[in-house]
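Asks: Dropping in input_21.cif, which is mmCIF, C-alpha atoms:
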```
data_final
#
loop_
_atom_site.label_atom_id
_atom_site.label_comp_id
_atom_site.auth_asym_id
_atom_site.auth_seq_id
_atom_site.Cartn_x
_atom_site.Cartn_y
_atom_site.Cartn_z
CA MET A 1 91.91 103.45 -9.19
CA GLY A 2 90.59 102.90 -12.74
CA MET A 3 87.73 100.58 -13.67
CA PRO A 4 87.50 100.35 -17.51
CA PHE A 5 85.79 97.56 -19.44
CA LYS A 6 87.39 95.41 -22.11
CA LEU A 7 85.09 93.82 -24.70
CA SER A 8 86.25 90.89 -26.80
CA LEU A 9 84.50 88.91 -29.54
CA GLY A 10 85.96 85.55 -30.50
CA GLN A 11 89.48 84.41 -31.22
CA PHE A 12 91.87 85.77 -33.88
CA TYR A 13 91.16 89.40 -32.85
CA GLY A 14 87.47 88.98 -33.69
CA ILE A 15 88.10 87.93 -37.32
CA ASP A 16 86.13 84.73 -36.70
CA SER A 17 83.15 86.74 -35.44
CA ILE A 18 83.28 88.90 -38.59
CA VAL A 19 83.22 85.73 -40.72
CA GLU A 20 80.31 84.43 -38.63
CA PHE A 21 78.44 87.72 -39.14
CA PHE A 22 78.73 87.32 -42.92
CA ILE A 23 77.60 83.68 -42.60
CA ILE A 24 74.47 84.96 -40.83
CA ILE A 25 73.76 87.50 -43.59
CA VAL A 26 74.32 84.99 -46.41
CA SER A 27 72.24 82.30 -44.64
CA LEU A 28 69.33 84.74 -44.20
CA ILE A 29 69.48 85.71 -47.89
CA ILE A 30 69.56 82.01 -48.92
CA SER A 31 66.53 81.42 -46.67
CA TYR A 32 64.75 84.40 -48.26
CA TYR A 33 65.45 83.30 -51.84
CA SER A 34 64.45 79.70 -51.09
CA HIS A 35 61.16 81.00 -49.73
CA LYS A 36 60.63 83.11 -52.86
CA ILE A 37 61.30 80.09 -55.11
CA TYR A 38 58.82 78.09 -53.01
CA LYS A 39 56.21 80.82 -53.56
CA VAL A 40 56.69 80.50 -57.33
CA ILE A 41 56.81 76.73 -57.84
CA LYS A 42 55.10 75.57 -54.60
CA GLU A 43 57.63 72.78 -54.00
CA ASN A 44 57.86 71.95 -50.28
CA ASN A 45 61.58 71.12 -50.43
CA TYR A 46 62.38 74.80 -51.01
CA GLN A 47 60.30 75.74 -47.99
CA PHE A 48 62.24 73.25 -45.84
CA PHE A 49 65.49 74.53 -47.37
CA SER A 50 64.45 78.02 -46.29
CA TRP A 51 63.78 76.88 -42.72
CA ALA A 52 67.10 75.01 -42.61
CA PHE A 53 69.15 78.10 -43.45
CA LEU A 54 67.07 80.31 -41.16
CA SER A 55 67.97 77.88 -38.35
CA ILE A 56 71.67 78.06 -39.33
CA ALA A 57 71.56 81.89 -39.38
CA VAL A 58 70.08 82.05 -35.87
CA ALA A 59 72.61 79.40 -34.75
CA PHE A 60 75.53 81.64 -35.74
CA LEU A 61 73.92 84.58 -33.98
CA PHE A 62 74.13 82.51 -30.78
CA LYS A 63 77.70 81.54 -31.78
CA ILE A 64 78.74 85.19 -31.83
CA ILE A 65 77.09 85.74 -28.44
CA SER A 66 78.92 82.68 -27.08
CA ASN A 67 82.24 84.27 -28.10
CA LEU A 68 81.47 87.37 -26.05
CA THR A 69 83.74 88.12 -23.14
CA ILE A 70 83.63 91.22 -20.98
CA LEU A 71 86.61 91.78 -18.76
CA HIS A 72 86.36 94.26 -15.91
CA THR A 73 89.80 95.77 -15.50
CA ILE A 74 90.69 97.26 -12.14
CA LYS A 75 93.95 99.16 -11.79
CA ILE A 76 95.23 100.03 -8.34
CA GLU A 77 98.00 102.60 -8.33
CA LYS A 78 100.03 102.62 -5.14
CA ALA A 79 103.45 104.10 -4.52
CA ASN A 80 105.76 103.16 -7.40
CA PHE A 81 103.86 100.18 -8.79
CA ILE A 82 100.54 99.41 -10.46
CA ILE A 83 98.50 96.28 -9.81
CA THR A 84 96.02 95.23 -12.52
CA PHE A 85 93.20 92.76 -11.97
CA LEU A 86 91.15 91.27 -14.80
CA TYR A 87 87.77 90.07 -13.63
CA GLU A 88 85.35 88.27 -15.92
CA TYR A 89 81.74 88.43 -14.80
CA GLU A 90 80.26 85.08 -13.76
CA TRP A 91 77.06 85.66 -15.73
CA ILE A 92 79.13 85.87 -18.92
CA ASP A 93 80.22 82.24 -18.43
CA ILE A 94 76.58 81.18 -18.08
CA LEU A 95 75.54 83.24 -21.13
CA ASN A 96 78.40 81.77 -23.18
CA PHE A 97 77.49 78.20 -22.24
CA ILE A 98 73.76 78.59 -23.00
CA SER A 99 74.48 80.44 -26.27
CA PHE A 100 76.99 77.79 -27.38
CA ILE A 101 74.47 75.00 -26.69
CA MET A 102 71.79 76.91 -28.64
CA TYR A 103 74.27 77.31 -31.51
CA LYS A 104 74.83 73.55 -31.60
CA VAL A 105 71.10 72.73 -31.36
CA LEU A 106 70.09 75.11 -34.17
CA PHE A 107 73.12 74.35 -36.37
CA ILE A 108 72.62 70.60 -36.30
CA ALA A 109 68.83 71.14 -36.67
CA GLY A 110 69.44 73.07 -39.89
CA PHE A 111 71.43 70.27 -41.48
CA LEU A 112 69.08 67.66 -40.01
CA PHE A 113 66.27 69.43 -41.90
CA LEU A 114 68.25 68.97 -45.11
CA PHE A 115 69.07 65.36 -44.26
CA LEU A 116 65.39 64.51 -43.64
CA ILE A 117 64.44 66.17 -46.94
CA ILE A 118 67.04 64.21 -48.90
CA THR A 119 66.27 60.87 -47.22
CA LYS A 120 62.53 61.61 -47.53
CA THR A 121 62.04 60.53 -43.93
CA LYS A 122 58.39 61.24 -43.12
CA LYS A 123 57.57 58.66 -40.46
CA LYS A 124 57.39 60.10 -36.96
CA GLU A 125 59.50 57.26 -35.54
CA GLY A 126 62.34 57.94 -37.98
CA ILE A 127 62.33 61.68 -37.32
CA LEU A 128 62.30 61.16 -33.54
CA LEU A 129 65.22 58.72 -33.83
CA PHE A 130 67.35 61.28 -35.71
CA VAL A 131 66.39 63.99 -33.22
CA TYR A 132 67.32 61.67 -30.33
CA PHE A 133 70.78 60.92 -31.75
CA SER A 134 71.30 64.63 -32.43
CA LEU A 135 70.50 65.50 -28.81
CA ILE A 136 72.86 62.75 -27.59
CA THR A 137 75.58 64.20 -29.83
CA ILE A 138 75.07 67.69 -28.38
CA LEU A 139 75.12 66.30 -24.83
CA PHE A 140 78.43 64.46 -25.34
CA SER A 141 79.92 67.40 -27.24
CA VAL A 142 79.73 69.48 -24.04
CA TYR A 143 82.72 67.41 -22.88
CA PHE A 144 84.14 66.30 -26.25
CA ASN A 145 83.51 69.03 -28.83
CA PHE A 146 84.91 67.05 -31.76
CA ILE A 147 81.95 64.60 -31.49
CA PHE A 148 79.61 67.38 -32.61
CA HIS A 149 81.61 68.04 -35.77
CA LEU A 150 82.23 64.34 -36.36
CA THR A 151 78.45 63.78 -36.41
CA LEU A 152 78.08 66.62 -38.90
CA VAL A 153 80.82 65.04 -41.05
CA ILE A 154 78.71 61.86 -41.22
CA ILE A 155 75.55 63.83 -42.12
CA MET A 156 77.41 65.95 -44.67
CA SER A 157 79.04 62.88 -46.26
CA TYR A 158 75.59 61.51 -47.05
CA LEU A 159 74.42 64.87 -48.42
CA VAL A 160 77.54 65.20 -50.59
CA MET A 161 77.01 61.71 -52.04
CA HIS A 162 73.37 62.54 -52.79
CA PHE A 163 74.18 65.84 -54.52
CA TYR A 164 77.01 64.17 -56.45
CA MET A 165 74.63 61.51 -57.78
CA ASN A 166 72.13 64.27 -58.55
CA TYR A 167 74.79 66.12 -60.56
CA LYS A 168 75.79 62.94 -62.42
CA THR A 169 72.14 62.48 -63.39
CA LEU A 170 71.25 66.07 -64.35
CA LYS A 171 74.65 67.32 -65.62
CA THR A 172 73.65 70.97 -65.02
CA ARG A 173 75.61 73.90 -63.62
CA ASN A 174 73.07 74.37 -60.83
CA SER A 175 73.41 70.77 -59.66
CA PHE A 176 77.22 71.04 -59.84
CA PHE A 177 77.33 74.20 -57.70
CA VAL A 178 75.08 72.60 -55.08
CA PHE A 179 77.34 69.53 -55.00
CA PHE A 180 80.46 71.74 -54.82
CA ALA A 181 79.00 73.86 -51.98
CA PHE A 182 78.14 70.84 -49.84
CA LEU A 183 81.56 69.31 -50.54
CA VAL A 184 83.17 72.50 -49.20
CA ILE A 185 80.89 72.35 -46.12
CA LEU A 186 82.06 68.76 -45.56
CA ILE A 187 85.71 69.88 -45.76
CA SER A 188 84.96 72.71 -43.33
CA GLU A 189 83.52 70.24 -40.81
CA PHE A 190 86.66 68.10 -41.19
CA SER A 191 88.65 71.22 -40.30
CA PHE A 192 86.58 71.72 -37.15
CA VAL A 193 87.30 68.13 -36.08
CA PHE A 194 91.03 68.97 -35.94
CA ILE A 195 90.68 72.18 -33.90
CA GLY A 196 92.56 70.45 -31.05
CA LEU A 197 95.69 70.19 -33.22
CA HIS A 198 95.85 73.88 -34.14
CA PRO A 199 93.46 76.86 -33.67
CA LEU A 200 93.85 77.83 -37.34
CA PHE A 201 91.69 74.83 -38.29
CA TYR A 202 88.83 76.70 -36.58
CA LEU A 203 89.27 79.83 -38.71
CA LEU A 204 89.81 77.75 -41.87
CA GLY A 205 86.57 75.86 -41.20
CA GLU A 206 84.56 79.07 -40.84
CA VAL A 207 86.04 80.65 -43.98
CA LEU A 208 85.26 77.49 -45.99
CA LEU A 209 81.71 77.50 -44.61
CA LEU A 210 81.25 81.10 -45.75
CA VAL A 211 82.59 80.23 -49.24
CA ALA A 212 80.14 77.31 -49.46
CA PHE A 213 77.19 79.46 -48.40
CA ILE A 214 78.09 82.20 -50.90
CA THR A 215 78.20 79.52 -53.63
CA LEU A 216 74.73 78.33 -52.61
CA LEU A 217 73.44 81.91 -52.55
CA LEU A 218 74.71 82.69 -56.05
CA ASN A 219 73.17 79.45 -57.25
CA GLN A 220 69.83 80.35 -55.60
CA ILE A 221 69.81 83.78 -57.28
CA LYS A 222 70.54 82.20 -60.65
CA LEU A 223 67.88 79.52 -60.08
CA GLN A 224 65.25 82.12 -59.21
CA SER A 225 65.99 84.10 -62.37
CA GLN A 226 65.61 80.89 -64.39
CA LYS A 227 62.27 80.12 -62.73
CA ARG A 228 60.99 83.59 -63.60
CA LYS A 229 61.82 83.03 -67.27
#
```
Could you write out this file's structure as C-alpha cells?
Replies:
Amino acid sequence: MGMPFKLSLGQFYGIDSIVEFFIIIVSLIISYYSHKIYKVIKENNYQFFSWAFLSIAVAFLFKIISNLTILHTIKIEKANFIITFLYEYEWIDILNFISFIMYKVLFIAGFLFLFLIITKTKKKEGILLFVYFSLITILFSVYFNFIFHLTLVIIMSYLVMHFYMNYKTLKTRNSFFVFFAFLVILISEFSFVFIGLHPLFYLLGEVLLLVAFITLLLNQIKLQSQKRK
C-alpha cells in the first residue's frame, strides 16, 4: 500500500499561481518606490499609494494559499487490480476558505484606499459607508463571486475616468501611463466577471493585471528619477 502526497497550486497547471507570484513582487516594488517618493516630496498621496499596493501584495499571497490543495493518495494493491483513493484533508478546505476571504478583504481594501484618495473622502462617516458596502460585497461574493469583481469594476471605472481627466489636463507621459495601467486593470476585472463562461477569462484577467502593475512600476521608477533631478 502506497501513501504519497500530491501538491497542487491553482488552475492551469499552476500558471495562474506563477502570475500571482509576479504580481506580489511587482506590487511590493511599487509600494517600496511609492514610499521612497513620499520620503522625497512628503506628499501623503504617495504614502497611501504605498499602503494600497502593500495591501494588494499581501492579498495575492493569500490568493496563492487559497489555491493550495494537498491530495493524500492511497493505493491498495490486491490480486490483479489496484484501487486508488484520493483524499483531500478537511483542514485544507478551511484554510482555502479563510485565505480566499482574506484575499478579497485586502484586495478590495487596496483599491478602496486609492478610491478614497482620489475622491478625497476624509469624513469618518463617508469612509465607514464605503467600508460597509465593501464588507457587504465580500459577504455576498461568498455565494456569488462575480459580485466581488462587479464592485471592483464600478470602483475601477471611477478611477479610470479620474486618471483620464488627469491625463487630458496634464498631457504628460507619466499621466498617460497611469491612465493606461488603470484602464487595463478595469479590463482585467471585466474578464473576472465572465469567469463563469470560460475558465480562460480567469487567466486572462490575471495576466492583464500583471501587465498593468508592471506599467505602474515602470512609471514609478521613471517618476522617482525625475524627482531626484
Asks: Residues at most 9 Å from A:Ile37, counting only C-alpha atoms, excluding those fewer than 4 positions away in the same chain, as a ChimeraX atom specification?
Replies: /A:32-33,41-43,46-47,220,223-224,227
Asks: Given the file shown, determine the residues that the PyMOL selection byres ((chain A and resi 149) around 12) selects; report them as number ranges by chain.
Replies: A: 104, 107-108, 111, 134, 137-138, 140-142, 144-148, 150-157, 185-195, 202, 205
Asks: To verify the selection step, state as a list in words which residues the PyMOL selection byres ((chain A and resi 96) around 8) yields on this input.
Replies: Ile65, Ser66, Asn67, Leu68, Ile92, Asp93, Ile94, Leu95, Phe97, Ile98, Ser99 and Phe100 of chain A
Asks: Quick one: pull the distance between atom CA of A:Met165 and atom CA of A:Phe182, Å, one decimal.
Replies: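 Computing the Euclidean distance for atom CA of A:Met165 and atom CA of A:Phe182 yields 12.7 Å.
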Asks: Which residues, named as in the file, does the PyMOL selection byres ((chain A and resi 22-30) around 8) pick out? Answer as a PyMOL selection string.
Replies: chain A and resi 18-21+31-34+50+53-54+56-58+60-61+209-210+213-214+216-217+220
Asks: Now that the selection is made, can you save its residues with C-alpha atoms as a PDB file, in the frame of the given file?
Replies:
```pdb
ATOM      1  CA  ILE A  18      83.280  88.900 -38.590  1.00  0.00           C
ATOM      2  CA  VAL A  19      83.220  85.730 -40.720  1.00  0.00           C
ATOM      3  CA  GLU A  20      80.310  84.430 -38.630  1.00  0.00           C
ATOM      4  CA  PHE A  21      78.440  87.720 -39.140  1.00  0.00           C
ATOM      5  CA  SER A  31      66.530  81.420 -46.670  1.00  0.00           C
ATOM      6  CA  TYR A  32      64.750  84.400 -48.260  1.00  0.00           C
ATOM      7  CA  TYR A  33      65.450  83.300 -51.840  1.00  0.00           C
ATOM      8  CA  SER A  34      64.450  79.700 -51.090  1.00  0.00           C
ATOM      9  CA  SER A  50      64.450  78.020 -46.290  1.00  0.00           C
ATOM     10  CA  PHE A  53      69.150  78.100 -43.450  1.00  0.00           C
ATOM     11  CA  LEU A  54      67.070  80.310 -41.160  1.00  0.00           C
ATOM     12  CA  ILE A  56      71.670  78.060 -39.330  1.00  0.00           C
ATOM     13  CA  ALA A  57      71.560  81.890 -39.380  1.00  0.00           C
ATOM     14  CA  VAL A  58      70.080  82.050 -35.870  1.00  0.00           C
ATOM     15  CA  PHE A  60      75.530  81.640 -35.740  1.00  0.00           C
ATOM     16  CA  LEU A  61      73.920  84.580 -33.980  1.00  0.00           C
ATOM     17  CA  LEU A 209      81.710  77.500 -44.610  1.00  0.00           C
ATOM     18  CA  LEU A 210      81.250  81.100 -45.750  1.00  0.00           C
ATOM     19  CA  PHE A 213      77.190  79.460 -48.400  1.00  0.00           C
ATOM     20  CA  ILE A 214      78.090  82.200 -50.900  1.00  0.00           C
ATOM     21  CA  LEU A 216      74.730  78.330 -52.610  1.00  0.00           C
ATOM     22  CA  LEU A 217      73.440  81.910 -52.550  1.00  0.00           C
ATOM     23  CA  GLN A 220      69.830  80.350 -55.600  1.00  0.00           C
TER      24      GLN A 220
END
```
Asks: Could you tell me how far atom CA of A:Leu128 lies from atom CA of A:Val178, in Å and to one decimal?
Replies: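 Distance between the two atoms: 27.5 Å.
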Asks: Please indicate the distance in Å from atom CA of A:Phe163 to atom CA of A:Phe179, rounded to one decimal place.
Replies: 4.9 Å
Asks: Quick one: of A:Leu135, A:Ile221, A:Ile64, A:Leu197, who's nearest to A:Tyr103, counting only C-alpha atoms?
Replies: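 Using only C-alpha atoms, A:Tyr103 sits closest to A:Ile64.
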Asks: Quick one: of A:Lys120, A:Lys63, A:Lys222, A:His35, who's nearest to A:Ser17, counting all atoms listed in the file?
Replies: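 Checking each of A:Lys120, A:Lys63, A:Lys222, A:His35 against A:Ser17, counting all atoms listed in the file, the winner is A:Lys63.
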Asks: I need the residue nearest A:Ile118 from this list: A:Tyr143, A:Phe48, A:Tyr132, A:Phe180. Use only C-alpha atoms for the distance.
Replies: A:Phe48
Asks: Write out as a PyMOL selection string each polymer residue whose atoms come within 10 Å of A:Tyr164, counting all atoms listed in the file; drop sequence neighbours fewer than 3 positions from it.
Replies: chain A and resi 158-161+167-171+175-176+178-180+182-183
